[in-house]
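The file work01.cif comes next; it holds mmCIF, C-alpha atoms, pLDDT in the B column; chains and numbers go by the auth columns.
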```
data_query
loop_
_atom_site.group_PDB
_atom_site.id
_atom_site.type_symbol
_atom_site.label_atom_id
_atom_site.label_comp_id
_atom_site.label_asym_id
_atom_site.label_seq_id
_atom_site.Cartn_x
_atom_site.Cartn_y
_atom_site.Cartn_z
_atom_site.B_iso_or_equiv
_atom_site.auth_seq_id
_atom_site.auth_asym_id
ATOM 1 C CA MET A 1 0.000 0.000 0.000 47.00 1 W
ATOM 2 C CA LYS A 2 2.937 2.339 0.407 49.00 2 W
ATOM 3 C CA GLY A 3 3.025 5.149 -2.082 50.00 3 W
ATOM 4 C CA ASP A 4 -0.550 4.705 -3.235 65.00 4 W
ATOM 5 C CA LYS A 5 -2.546 5.571 -0.123 79.00 5 W
ATOM 6 C CA ILE A 6 -6.011 6.946 -0.589 84.00 6 W
ATOM 7 C CA ASN A 7 -7.285 9.553 1.854 92.00 7 W
ATOM 8 C CA TYR A 8 -10.508 7.921 3.008 95.00 8 W
ATOM 9 C CA SER A 9 -12.997 9.769 5.185 95.00 9 W
ATOM 10 C CA ILE A 10 -13.935 8.006 8.396 96.00 10 W
ATOM 11 C CA SER A 11 -17.512 7.531 7.164 94.00 11 W
ATOM 12 C CA GLU A 12 -16.232 5.686 4.072 95.00 12 W
ATOM 13 C CA VAL A 13 -14.355 3.045 6.049 96.00 13 W
ATOM 14 C CA LEU A 14 -16.874 2.404 8.838 95.00 14 W
ATOM 15 C CA HIS A 15 -20.121 0.461 8.626 87.00 15 W
ATOM 16 C CA HIS A 16 -21.652 3.032 11.015 80.00 16 W
ATOM 17 C CA ASP A 17 -23.947 6.004 10.570 74.00 17 W
ATOM 18 C CA GLU A 18 -23.981 9.299 12.443 77.00 18 W
ATOM 19 C CA PRO A 19 -24.345 9.886 15.303 77.00 19 W
ATOM 20 C CA MET A 20 -22.666 6.578 16.253 86.00 20 W
ATOM 21 C CA ILE A 21 -19.321 7.408 14.632 93.00 21 W
ATOM 22 C CA VAL A 22 -17.018 8.368 17.514 95.00 22 W
ATOM 23 C CA LEU A 23 -13.866 8.891 15.457 96.00 23 W
ATOM 24 C CA ASP A 24 -13.084 12.171 13.709 96.00 24 W
ATOM 25 C CA LYS A 25 -10.463 11.212 11.161 96.00 25 W
ATOM 26 C CA LEU A 26 -8.475 8.346 9.658 97.00 26 W
ATOM 27 C CA LEU A 27 -4.869 9.522 9.995 97.00 27 W
ATOM 28 C CA ASP A 28 -2.819 6.644 8.602 97.00 28 W
ATOM 29 C CA TYR A 29 -3.021 2.981 7.667 97.00 29 W
ATOM 30 C CA ASP A 30 -1.297 0.121 5.959 95.00 30 W
ATOM 31 C CA GLN A 31 -1.839 -3.623 5.706 93.00 31 W
ATOM 32 C CA SER A 32 -1.173 -4.128 9.424 95.00 32 W
ATOM 33 C CA PHE A 33 -2.502 -1.045 11.268 97.00 33 W
ATOM 34 C CA ALA A 34 -4.750 1.995 11.329 97.00 34 W
ATOM 35 C CA GLU A 35 -4.483 5.247 13.264 98.00 35 W
ATOM 36 C CA CYS A 36 -7.428 7.535 13.881 98.00 36 W
ATOM 37 C CA GLU A 37 -8.036 10.833 15.645 98.00 37 W
ATOM 38 C CA VAL A 38 -10.635 11.739 18.252 97.00 38 W
ATOM 39 C CA ASN A 39 -11.156 15.341 19.303 96.00 39 W
ATOM 40 C CA ILE A 40 -12.924 15.548 22.648 96.00 40 W
ATOM 41 C CA ASP A 41 -15.295 18.498 22.377 93.00 41 W
ATOM 42 C CA LYS A 42 -18.860 19.454 23.354 89.00 42 W
ATOM 43 C CA ASN A 43 -20.233 17.378 20.448 87.00 43 W
ATOM 44 C CA THR A 44 -18.422 14.174 21.424 89.00 44 W
ATOM 45 C CA LEU A 45 -20.837 11.298 21.838 85.00 45 W
ATOM 46 C CA PHE A 46 -21.168 10.182 25.478 89.00 46 W
ATOM 47 C CA MET A 47 -20.112 13.628 26.809 86.00 47 W
ATOM 48 C CA LEU A 48 -21.321 14.037 30.391 88.00 48 W
ATOM 49 C CA GLU A 49 -22.655 17.293 31.851 84.00 49 W
ATOM 50 C CA SER A 50 -19.318 17.652 33.638 89.00 50 W
ATOM 51 C CA GLY A 51 -17.616 18.097 30.247 87.00 51 W
ATOM 52 C CA LYS A 52 -15.915 14.731 30.483 94.00 52 W
ATOM 53 C CA VAL A 53 -16.174 11.482 28.552 95.00 53 W
ATOM 54 C CA PRO A 54 -15.946 8.297 30.665 94.00 54 W
ATOM 55 C CA GLY A 55 -12.757 6.321 30.117 93.00 55 W
ATOM 56 C CA TRP A 56 -14.600 3.114 29.287 92.00 56 W
ATOM 57 C CA ILE A 57 -15.636 4.738 25.991 94.00 57 W
ATOM 58 C CA ALA A 58 -12.012 4.067 24.977 94.00 58 W
ATOM 59 C CA LEU A 59 -13.122 0.548 24.058 94.00 59 W
ATOM 60 C CA GLU A 60 -15.419 2.034 21.410 95.00 60 W
ATOM 61 C CA PHE A 61 -12.635 4.315 20.137 97.00 61 W
ATOM 62 C CA MET A 62 -10.419 1.250 19.779 97.00 62 W
ATOM 63 C CA ALA A 63 -13.147 -0.958 18.270 97.00 63 W
ATOM 64 C CA GLN A 64 -14.008 1.662 15.654 97.00 64 W
ATOM 65 C CA THR A 65 -10.321 2.064 14.784 98.00 65 W
ATOM 66 C CA ILE A 66 -10.178 -1.698 14.205 97.00 66 W
ATOM 67 C CA ALA A 67 -13.321 -1.383 12.074 97.00 67 W
ATOM 68 C CA ALA A 68 -11.654 1.452 10.129 97.00 68 W
ATOM 69 C CA HIS A 69 -8.686 -0.816 9.445 96.00 69 W
ATOM 70 C CA ALA A 70 -10.944 -3.649 8.278 95.00 70 W
ATOM 71 C CA GLY A 71 -12.891 -1.129 6.168 96.00 71 W
ATOM 72 C CA VAL A 72 -9.729 0.144 4.471 96.00 72 W
ATOM 73 C CA LEU A 73 -8.655 -3.426 3.684 94.00 73 W
ATOM 74 C CA ALA A 74 -12.097 -4.166 2.236 93.00 74 W
ATOM 75 C CA LEU A 75 -12.157 -1.008 0.099 95.00 75 W
ATOM 76 C CA ARG A 76 -8.666 -1.760 -1.190 94.00 76 W
ATOM 77 C CA LYS A 77 -10.040 -5.116 -2.438 93.00 77 W
ATOM 78 C CA GLY A 78 -13.029 -3.432 -4.102 95.00 78 W
ATOM 79 C CA GLU A 79 -15.446 -4.564 -1.379 93.00 79 W
ATOM 80 C CA ASN A 80 -17.646 -2.627 1.030 93.00 80 W
ATOM 81 C CA PRO A 81 -16.856 -2.390 4.752 93.00 81 W
ATOM 82 C CA LYS A 82 -18.616 -5.116 6.747 90.00 82 W
ATOM 83 C CA ILE A 83 -20.225 -5.297 10.155 90.00 83 W
ATOM 84 C CA GLY A 84 -17.983 -6.644 12.896 91.00 84 W
ATOM 85 C CA PHE A 85 -18.280 -7.460 16.568 93.00 85 W
ATOM 86 C CA LEU A 86 -16.085 -6.658 19.543 94.00 86 W
ATOM 87 C CA LEU A 87 -15.705 -9.911 21.459 93.00 87 W
ATOM 88 C CA GLY A 88 -13.772 -8.450 24.352 93.00 88 W
ATOM 89 C CA THR A 89 -10.393 -7.904 25.905 92.00 89 W
ATOM 90 C CA ARG A 90 -8.415 -9.845 28.450 80.00 90 W
ATOM 91 C CA HIS A 91 -6.012 -7.092 29.312 87.00 91 W
ATOM 92 C CA LEU A 92 -6.675 -3.358 29.328 90.00 92 W
ATOM 93 C CA GLU A 93 -4.317 -0.837 30.900 93.00 93 W
ATOM 94 C CA LEU A 94 -5.961 2.425 31.927 90.00 94 W
ATOM 95 C CA GLU A 95 -3.911 5.484 32.816 93.00 95 W
ATOM 96 C CA THR A 96 -6.984 7.730 33.037 94.00 96 W
ATOM 97 C CA SER A 97 -10.637 7.330 33.970 94.00 97 W
ATOM 98 C CA VAL A 98 -11.960 10.223 31.851 95.00 98 W
ATOM 99 C CA PHE A 99 -11.243 12.237 28.731 96.00 99 W
ATOM 100 C CA THR A 100 -11.713 16.006 28.947 95.00 100 W
ATOM 101 C CA GLN A 101 -12.793 18.698 26.514 94.00 101 W
ATOM 102 C CA GLY A 102 -9.919 19.940 24.409 94.00 102 W
ATOM 103 C CA GLN A 103 -8.031 16.641 24.348 96.00 103 W
ATOM 104 C CA LYS A 104 -6.891 15.358 20.991 98.00 104 W
ATOM 105 C CA LEU A 105 -6.414 11.595 20.969 98.00 105 W
ATOM 106 C CA ARG A 106 -4.571 9.327 18.560 98.00 106 W
ATOM 107 C CA VAL A 107 -5.989 5.804 18.499 98.00 107 W
ATOM 108 C CA ARG A 108 -3.835 3.039 17.013 98.00 108 W
ATOM 109 C CA ALA A 109 -4.934 -0.505 16.221 98.00 109 W
ATOM 110 C CA GLU A 110 -2.253 -2.931 15.084 97.00 110 W
ATOM 111 C CA SER A 111 -3.276 -6.319 13.745 95.00 111 W
ATOM 112 C CA LEU A 112 -1.864 -9.328 15.549 94.00 112 W
ATOM 113 C CA SER A 113 -3.549 -11.824 13.225 81.00 113 W
ATOM 114 C CA SER A 114 -5.219 -12.105 9.846 69.00 114 W
ATOM 115 C CA TRP A 115 -8.938 -11.691 9.151 63.00 115 W
ATOM 116 C CA GLU A 116 -8.744 -14.846 7.044 62.00 116 W
ATOM 117 C CA THR A 117 -8.753 -16.908 10.266 66.00 117 W
ATOM 118 C CA ASN A 118 -12.508 -17.692 10.203 82.00 118 W
ATOM 119 C CA GLY A 119 -13.321 -14.003 10.613 85.00 119 W
ATOM 120 C CA PHE A 120 -11.596 -13.739 14.008 90.00 120 W
ATOM 121 C CA ALA A 121 -8.793 -11.258 14.640 92.00 121 W
ATOM 122 C CA ALA A 122 -6.807 -9.754 17.488 94.00 122 W
ATOM 123 C CA TYR A 123 -5.461 -6.208 17.647 96.00 123 W
ATOM 124 C CA GLN A 124 -3.083 -4.423 19.977 97.00 124 W
ATOM 125 C CA CYS A 125 -4.589 -0.985 20.555 98.00 125 W
ATOM 126 C CA SER A 126 -3.470 2.205 22.240 98.00 126 W
ATOM 127 C CA ILE A 127 -4.807 5.690 22.861 98.00 127 W
ATOM 128 C CA THR A 128 -2.344 8.559 23.141 98.00 128 W
ATOM 129 C CA ASP A 129 -2.950 12.144 24.246 98.00 129 W
ATOM 130 C CA VAL A 130 -1.400 14.032 21.327 97.00 130 W
ATOM 131 C CA SER A 131 -0.401 17.184 23.224 96.00 131 W
ATOM 132 C CA GLN A 132 1.358 15.244 26.001 96.00 132 W
ATOM 133 C CA ASN A 133 2.526 12.362 23.779 96.00 133 W
ATOM 134 C CA LYS A 134 1.384 10.108 26.623 97.00 134 W
ATOM 135 C CA THR A 135 -0.286 6.716 26.286 97.00 135 W
ATOM 136 C CA LEU A 136 -3.535 6.843 28.234 97.00 136 W
ATOM 137 C CA MET A 137 -4.865 3.368 27.481 96.00 137 W
ATOM 138 C CA SER A 138 -3.735 0.197 25.810 97.00 138 W
ATOM 139 C CA GLY A 139 -4.994 -3.314 25.390 96.00 139 W
ATOM 140 C CA LYS A 140 -5.488 -6.329 23.184 96.00 140 W
ATOM 141 C CA LEU A 141 -8.962 -6.570 21.642 96.00 141 W
ATOM 142 C CA ASN A 142 -10.515 -9.623 20.040 94.00 142 W
ATOM 143 C CA VAL A 143 -12.993 -9.096 17.212 94.00 143 W
ATOM 144 C CA PHE A 144 -15.138 -11.115 14.818 92.00 144 W
ATOM 145 C CA GLN A 145 -16.315 -10.240 11.309 89.00 145 W
ATOM 146 C CA PRO A 146 -18.578 -12.851 9.695 84.00 146 W
ATOM 147 C CA ASP A 147 -18.417 -13.353 5.939 77.00 147 W
ATOM 148 C CA ASN A 148 -22.193 -13.076 5.655 70.00 148 W
ATOM 149 C CA ILE A 149 -23.975 -11.159 8.409 67.00 149 W
ATOM 150 C CA ASP A 150 -27.428 -12.436 7.412 65.00 150 W
ATOM 151 C CA ASP A 151 -26.351 -16.071 7.699 64.00 151 W
ATOM 152 C CA TYR A 152 -24.618 -15.346 10.980 63.00 152 W
ATOM 153 C CA ILE A 153 -27.620 -13.615 12.536 65.00 153 W
ATOM 154 C CA THR A 154 -30.063 -16.302 11.451 68.00 154 W
ATOM 155 C CA GLU A 155 -27.585 -19.008 12.520 62.00 155 W
ATOM 156 C CA LYS A 156 -27.699 -20.774 9.151 52.00 156 W
ATOM 157 C CA LYS A 157 -23.936 -20.870 8.913 47.00 157 W
ATOM 158 C CA LEU A 158 -21.001 -19.829 11.075 48.00 158 W
#
```

Produce structure tokens that represent the structure in this file.
Amino acid sequence: MKGDKINYSISEVLHHDEPMIVLDKLLDYDQSFAECEVNIDKNTLFMLESGKVPGWIALEFMAQTIAAHAGVLALRKGENPKIGFLLGTRHLELETSVFTQGQKLRVRAESLSSWETNGFAAYQCSITDVSQNKTLMSGKLNVFQPDNIDDYITEKKL
């Protein structure tokens, strides 16, 4: 992919609609990773009256960055982004419990496996405060993307 990167908008690579898109921008990607940006402002989904976003929302930031990576890979093959599922995490390191207005976050998801493994994949993810260049959260997330969502939902085929 080097040298021929396309500047995709975040809405192009995600199988989400507003207002459920929590990422602001796809910053970078290649075959093995994606990096996205989140700007914490008054319009951020899940903003509390206190002007803070709960830290557990980081899982959604990470999951959508994984989805952005899968979406880029699909688009590069001439396919549409697919629906995927966050299965969970066994290890999540949290250096903060909230995100505050004015923070700019860089979310990185690096593939630890291939999507060709029955639709299952694992990603090492991190969230960094851009202004402080400090990692606020990191963890390994497990995800699943079925080949055919209709068959999966109706349990005809796994």

Could you spell out the hits of the PyMOL selection byres ((chain W and resi 84) around 6) on the shown file, as a PDB file with C-alpha atoms, in the frame of the given file?
```pdb
ATOM      1  CA  ILE W  83     -20.225  -5.297  10.155  1.00 90.00           C
ATOM      2  CA  PHE W  85     -18.280  -7.460  16.568  1.00 93.00           C
ATOM      3  CA  PHE W 144     -15.138 -11.115  14.818  1.00 92.00           C
ATOM      4  CA  GLN W 145     -16.315 -10.240  11.309  1.00 89.00           C
TER       5      GLN W 145
END
```

What does the PyMOL selection byres ((chain W and resi 133) around 12) select in this file, as JSON, numbers by chain? {"W": [103, 104, 105, 106, 107, 126, 127, 128, 129, 130, 131, 132, 134, 135, 136]}

Quick one: write out the picked residues with C-alpha atoms as a PDB file, in the coordinates of the input?
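Ended up saving to part.pdb:
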```
ATOM      1  CA  GLN W 103      -8.031  16.641  24.348  1.00 96.00           C
ATOM      2  CA  LYS W 104      -6.891  15.358  20.991  1.00 98.00           C
ATOM      3  CA  LEU W 105      -6.414  11.595  20.969  1.00 98.00           C
ATOM      4  CA  ARG W 106      -4.571   9.327  18.560  1.00 98.00           C
ATOM      5  CA  VAL W 107      -5.989   5.804  18.499  1.00 98.00           C
ATOM      6  CA  SER W 126      -3.470   2.205  22.240  1.00 98.00           C
ATOM      7  CA  ILE W 127      -4.807   5.690  22.861  1.00 98.00           C
ATOM      8  CA  THR W 128      -2.344   8.559  23.141  1.00 98.00           C
ATOM      9  CA  ASP W 129      -2.950  12.144  24.246  1.00 98.00           C
ATOM     10  CA  VAL W 130      -1.400  14.032  21.327  1.00 97.00           C
ATOM     11  CA  SER W 131      -0.401  17.184  23.224  1.00 96.00           C
ATOM     12  CA  GLN W 132       1.358  15.244  26.001  1.00 96.00           C
ATOM     13  CA  LYS W 134       1.384  10.108  26.623  1.00 97.00           C
ATOM     14  CA  THR W 135      -0.286   6.716  26.286  1.00 97.00           C
ATOM     15  CA  LEU W 136      -3.535   6.843  28.234  1.00 97.00           C
TER      16      LEU W 136
END
```

As an exercise, work out the distance from atom CA of Asp24 of chain W to atom CA of His69 of chain W in Å and give it to one decimal place. 14.4 Å

Taking the file as shown, what set of residues would the PyMOL selection byres ((chain W and resi 92) around 12) give back, as a PyMOL selection string? chain W and resi 55-56+58-59+62+88-91+93-96+124-127+136-142

With all atoms listed in the file as the atoms that count, which of W:Asp28, W:Asn43, W:Leu86, W:Ile66 lies nearest to Ser111 of chain W?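 Using all atoms listed in the file, Ser111 of chain W sits closest to W:Ile66.
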
Of the listed residues W:Thr44, W:Ser11, W:Val143, W:Cys36, that which approaches Ser113 of chain W most closely, counting only C-alpha atoms: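 Under the stated criterion, the closest residue is W:Val143.
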
Between atom CA of Pro19 of chain W and atom CA of Thr100 of chain W, what distance in Å does the model show, to one decimal?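 Separating atom CA of Pro19 of chain W from atom CA of Thr100 of chain W is a distance of 19.6 Å.
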
Residue with smallest distance to Glu35 of chain W - pool W:Ala74, W:Ala68, W:Val53, W:Leu112, counting all atoms listed in the file: W:Ala68

One-decimal distance in Å that lies between atom CA of His15 of chain W and atom CA of Ala67 of chain W: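 Taking atom CA of Ala67 of chain W and atom CA of His15 of chain W, their separation equals 7.8 Å.
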
Tell me, as a VMD selection string, which residues lie within 12 Å of Ile10 of chain W, counting only C-alpha atoms; anything in the same chain fewer than 3 positions away does not count. chain W and resid 7 13 to 18 20 to 28 34 to 38 64 to 69 71 to 72 81

Counting all atoms listed in the file, figure out which residue out of W:Phe61, W:Pro146, W:Gln31, W:Lys5 gets nearest to Lys82 of chain W. W:Pro146

Name the closest residue to Ala109 of chain W among the candidates W:Ser9, W:Glu49, W:Leu87, W:Ser32; distances are taken between atoms, counting only C-alpha atoms. W:Ser32

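Nearest residue to Phe33 of chain W, choosing from W:Leu45, W:Glu12, W:Glu110, W:Asn148 and counting only C-alpha atoms: W:Glu110.
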
Please, what is the axis-aligned box for every listed atom of segment 129-138 of chain W with 6 Å on each side, as centre and edge lengths in Å to one decimal, as lines of an AutoDock Vina configuration file?
```
center_x = -1.2
center_y = 8.7
center_z = 24.8
size_x = 19.4
size_y = 29.0
size_z = 18.9
```

Some atoms are absent from segment 61-86 of chain W, so rebuild N, CA and C atoms and return them as a PDB file, in the coordinates of the input.
```pdb
ATOM      1  N   PHE W  61     -13.639   3.658  20.981  1.00 97.00           N
ATOM      2  CA  PHE W  61     -12.635   4.315  20.137  1.00 97.00           C
ATOM      3  C   PHE W  61     -11.743   3.260  19.480  1.00 97.00           C
ATOM      4  N   MET W  62     -11.295   2.303  20.285  1.00 97.00           N
ATOM      5  CA  MET W  62     -10.419   1.250  19.779  1.00 97.00           C
ATOM      6  C   MET W  62     -11.155   0.341  18.794  1.00 97.00           C
ATOM      7  N   ALA W  63     -12.369  -0.063  19.144  1.00 97.00           N
ATOM      8  CA  ALA W  63     -13.147  -0.958  18.270  1.00 97.00           C
ATOM      9  C   ALA W  63     -13.419  -0.300  16.918  1.00 97.00           C
ATOM     10  N   GLN W  64     -13.753   0.994  16.924  1.00 97.00           N
ATOM     11  CA  GLN W  64     -14.008   1.662  15.654  1.00 97.00           C
ATOM     12  C   GLN W  64     -12.718   1.853  14.854  1.00 97.00           C
ATOM     13  N   THR W  65     -11.591   1.981  15.511  1.00 98.00           N
ATOM     14  CA  THR W  65     -10.321   2.064  14.784  1.00 98.00           C
ATOM     15  C   THR W  65     -10.017   0.722  14.124  1.00 98.00           C
ATOM     16  N   ILE W  66     -10.306  -0.369  14.816  1.00 97.00           N
ATOM     17  CA  ILE W  66     -10.178  -1.698  14.205  1.00 97.00           C
ATOM     18  C   ILE W  66     -11.117  -1.804  13.007  1.00 97.00           C
ATOM     19  N   ALA W  67     -12.349  -1.349  13.173  1.00 97.00           N
ATOM     20  CA  ALA W  67     -13.321  -1.383  12.074  1.00 97.00           C
ATOM     21  C   ALA W  67     -12.838  -0.530  10.901  1.00 97.00           C
ATOM     22  N   ALA W  68     -12.207   0.604  11.195  1.00 97.00           N
ATOM     23  CA  ALA W  68     -11.654   1.452  10.129  1.00 97.00           C
ATOM     24  C   ALA W  68     -10.570   0.703   9.375  1.00 97.00           C
ATOM     25  N   HIS W  69      -9.733  -0.034  10.098  1.00 96.00           N
ATOM     26  CA  HIS W  69      -8.686  -0.816   9.445  1.00 96.00           C
ATOM     27  C   HIS W  69      -9.305  -1.883   8.548  1.00 96.00           C
ATOM     28  N   ALA W  70     -10.270  -2.621   9.076  1.00 95.00           N
ATOM     29  CA  ALA W  70     -10.944  -3.649   8.278  1.00 95.00           C
ATOM     30  C   ALA W  70     -11.643  -3.022   7.070  1.00 95.00           C
ATOM     31  N   GLY W  71     -12.221  -1.826   7.263  1.00 96.00           N
ATOM     32  CA  GLY W  71     -12.891  -1.129   6.168  1.00 96.00           C
ATOM     33  C   GLY W  71     -11.929  -0.715   5.072  1.00 96.00           C
ATOM     34  N   VAL W  72     -10.764  -0.217   5.450  1.00 96.00           N
ATOM     35  CA  VAL W  72      -9.729   0.144   4.471  1.00 96.00           C
ATOM     36  C   VAL W  72      -9.321  -1.091   3.674  1.00 96.00           C
ATOM     37  N   LEU W  73      -9.064  -2.201   4.374  1.00 94.00           N
ATOM     38  CA  LEU W  73      -8.655  -3.426   3.684  1.00 94.00           C
ATOM     39  C   LEU W  73      -9.730  -3.889   2.710  1.00 94.00           C
ATOM     40  N   ALA W  74     -10.996  -3.781   3.120  1.00 93.00           N
ATOM     41  CA  ALA W  74     -12.097  -4.166   2.236  1.00 93.00           C
ATOM     42  C   ALA W  74     -12.151  -3.254   1.008  1.00 93.00           C
ATOM     43  N   LEU W  75     -12.096  -1.951   1.213  1.00 95.00           N
ATOM     44  CA  LEU W  75     -12.157  -1.008   0.099  1.00 95.00           C
ATOM     45  C   LEU W  75     -11.003  -1.217  -0.875  1.00 95.00           C
ATOM     46  N   ARG W  76      -9.836  -1.525  -0.328  1.00 94.00           N
ATOM     47  CA  ARG W  76      -8.666  -1.760  -1.190  1.00 94.00           C
ATOM     48  C   ARG W  76      -8.853  -3.000  -2.070  1.00 94.00           C
ATOM     49  N   LYS W  77      -9.736  -3.916  -1.645  1.00 93.00           N
ATOM     50  CA  LYS W  77     -10.040  -5.116  -2.438  1.00 93.00           C
ATOM     51  C   LYS W  77     -11.286  -4.917  -3.302  1.00 93.00           C
ATOM     52  N   GLY W  78     -11.840  -3.706  -3.315  1.00 95.00           N
ATOM     53  CA  GLY W  78     -13.029  -3.432  -4.102  1.00 95.00           C
ATOM     54  C   GLY W  78     -14.318  -3.883  -3.436  1.00 95.00           C
ATOM     55  N   GLU W  79     -14.269  -4.131  -2.134  1.00 93.00           N
ATOM     56  CA  GLU W  79     -15.446  -4.564  -1.379  1.00 93.00           C
ATOM     57  C   GLU W  79     -15.927  -3.426  -0.485  1.00 93.00           C
ATOM     58  N   ASN W  80     -17.118  -3.595   0.075  1.00 93.00           N
ATOM     59  CA  ASN W  80     -17.646  -2.627   1.030  1.00 93.00           C
ATOM     60  C   ASN W  80     -17.256  -3.025   2.447  1.00 93.00           C
ATOM     61  N   PRO W  81     -17.105  -2.051   3.350  1.00 93.00           N
ATOM     62  CA  PRO W  81     -16.856  -2.390   4.752  1.00 93.00           C
ATOM     63  C   PRO W  81     -17.993  -3.246   5.300  1.00 93.00           C
ATOM     64  N   LYS W  82     -17.634  -4.193   6.173  1.00 90.00           N
ATOM     65  CA  LYS W  82     -18.616  -5.116   6.747  1.00 90.00           C
ATOM     66  C   LYS W  82     -18.848  -4.803   8.220  1.00 90.00           C
ATOM     67  N   ILE W  83     -19.927  -5.370   8.728  1.00 90.00           N
ATOM     68  CA  ILE W  83     -20.225  -5.297  10.155  1.00 90.00           C
ATOM     69  C   ILE W  83     -19.288  -6.242  10.895  1.00 90.00           C
ATOM     70  N   GLY W  84     -18.824  -5.808  12.045  1.00 91.00           N
ATOM     71  CA  GLY W  84     -17.983  -6.644  12.896  1.00 91.00           C
ATOM     72  C   GLY W  84     -18.444  -6.536  14.335  1.00 91.00           C
ATOM     73  N   PHE W  85     -17.892  -7.402  15.165  1.00 93.00           N
ATOM     74  CA  PHE W  85     -18.280  -7.460  16.568  1.00 93.00           C
ATOM     75  C   PHE W  85     -17.052  -7.442  17.463  1.00 93.00           C
ATOM     76  N   LEU W  86     -17.114  -6.638  18.512  1.00 94.00           N
ATOM     77  CA  LEU W  86     -16.085  -6.658  19.543  1.00 94.00           C
ATOM     78  C   LEU W  86     -16.410  -7.815  20.471  1.00 94.00           C
TER      79      LEU W  86
END
```
